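For reference, the structure is listed below as structure tokens.
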Amino acid sequence: MTRTKTRTQRPPLFKVMLLNDDYTPMEFVVHVLERFFGLNHAQAFEIMLTVHKKGLAVVGVFSYEIAETKVAQVMDFARRHQHPLQCTMEKE
């Protein structure tokens, strides 16, 4: 007799990333990281530098719904402040 094990599959996780551009001020990126990703100033500053130097940085890993919401919030916030900051997500 074959026994099948039922494994509860975890929902896939998504990486949320910020992309570098030449126009968004560094302070604004730090502010976004603190406000939407709950980072302290030092953490936010480190990630902002990574985005600046490497072109992008993963700012968090979330379930699909949360990742989608964070991307929308960041994009909306950046547009309202006339910054071209890009935030994207991809499956981990």
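In the structure tokens, each chain is lettered A, B, ... as it comes, each chain's residues begin at 1, and ligands are numbered from 1 in order of appearance.
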
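The list of residues with at least one atom within 8 Å of region 83-92 of chain A, based on only C-alpha atoms and without residues fewer than 5 positions apart in the same chain, reads Pro12, Leu13, Phe14, Lys15, Val16, Met17, Leu18, Leu19, Asn20, Asp21, Tyr23, Thr24, Val61, Ala67, Glu68, Val71, Val74, Met75 and Ala78 of chain A.
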
Could those residues be written to a file, using C-alpha atoms, as a short mmCIF file (atom, residue, chain, number, x, y, z; two decimals), in the first residue's frame?
data_model
loop_
_atom_site.label_atom_id
_atom_site.label_comp_id
_atom_site.auth_asym_id
_atom_site.auth_seq_id
_atom_site.Cartn_x
_atom_site.Cartn_y
_atom_site.Cartn_z
CA PRO A 12 5.42 31.51 -2.51
CA LEU A 13 7.33 34.52 -1.28
CA PHE A 14 8.16 37.61 -3.29
CA LYS A 15 11.19 39.88 -3.10
CA VAL A 16 10.45 43.60 -3.17
CA MET A 17 13.24 45.61 -4.77
CA LEU A 18 14.08 49.27 -5.18
CA LEU A 19 15.81 50.31 -8.40
CA ASN A 20 18.34 53.10 -8.74
CA ASP A 21 17.73 56.20 -10.82
CA TYR A 23 16.91 61.74 -9.96
CA THR A 24 15.35 60.50 -6.72
CA VAL A 61 10.49 39.38 1.27
CA ALA A 67 4.59 42.58 -1.62
CA GLU A 68 2.05 43.91 -4.11
CA VAL A 71 5.15 48.13 -4.33
CA VAL A 74 6.05 53.10 -2.71
CA MET A 75 5.21 53.86 -6.35
CA ALA A 78 7.12 58.51 -5.15
#

Name all residues at most 8 Å from region 25-42 of chain A (count only C-alpha atoms; drop same-chain ones fewer than 5 positions away) and give them as a VMD selection string.
-> chain A and resid 48 59 to 60 70 73 to 74

Keeping N, CA, C and O atoms for every residue in the selection just given, could you write it to a file as a PDB file, in the first residue's frame?
ATOM      1  N   MET A  48      19.861  52.065   0.964  1.00  0.00           N
ATOM      2  CA  MET A  48      19.874  53.140  -0.041  1.00  0.00           C
ATOM      3  C   MET A  48      21.236  53.168  -0.746  1.00  0.00           C
ATOM      4  O   MET A  48      21.305  53.298  -1.965  1.00  0.00           O
ATOM      5  N   VAL A  59      14.531  44.877  -0.583  1.00  0.00           N
ATOM      6  CA  VAL A  59      14.212  45.596   0.650  1.00  0.00           C
ATOM      7  C   VAL A  59      13.324  44.785   1.583  1.00  0.00           C
ATOM      8  O   VAL A  59      13.070  45.185   2.704  1.00  0.00           O
ATOM      9  N   GLY A  60      12.865  43.625   1.102  1.00  0.00           N
ATOM     10  CA  GLY A  60      12.066  42.763   1.958  1.00  0.00           C
ATOM     11  C   GLY A  60      11.516  41.596   1.167  1.00  0.00           C
ATOM     12  O   GLY A  60      11.499  41.623  -0.068  1.00  0.00           O
ATOM     13  N   LYS A  70       3.052  46.813  -0.893  1.00  0.00           N
ATOM     14  CA  LYS A  70       4.242  47.646  -0.647  1.00  0.00           C
ATOM     15  C   LYS A  70       4.698  48.325  -1.939  1.00  0.00           C
ATOM     16  O   LYS A  70       5.009  49.513  -1.944  1.00  0.00           O
ATOM     17  N   GLN A  73       2.284  51.125  -2.742  1.00  0.00           N
ATOM     18  CA  GLN A  73       2.449  52.246  -1.805  1.00  0.00           C
ATOM     19  C   GLN A  73       3.685  53.075  -2.149  1.00  0.00           C
ATOM     20  O   GLN A  73       3.615  54.305  -2.183  1.00  0.00           O
ATOM     21  N   VAL A  74       4.791  52.396  -2.397  1.00  0.00           N
ATOM     22  CA  VAL A  74       6.048  53.096  -2.714  1.00  0.00           C
ATOM     23  C   VAL A  74       5.913  53.869  -4.017  1.00  0.00           C
ATOM     24  O   VAL A  74       6.287  55.048  -4.094  1.00  0.00           O
TER      25      VAL A  74
END

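Distance-wise, CA of Asp76 (chain A) and CA of Phe45 (chain A) end up 21.2 Å apart.
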
Test item, strand (DSSP E or B) assignment across region 19-64 of chain A, answer as a ChimeraX atom specification | /A:19,56-63

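Atom pair CA of Phe62 (chain A) / CA of Gln9 (chain A) has a distance of 15.5 Å (rounded to one decimal).
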
Go through chain A and collect every residue that DSSP, computed from the backbone, puts in alpha helix (DSSP H); the answer should be as a ChimeraX atom specification.
-> /A:26-37,41-54,64-80
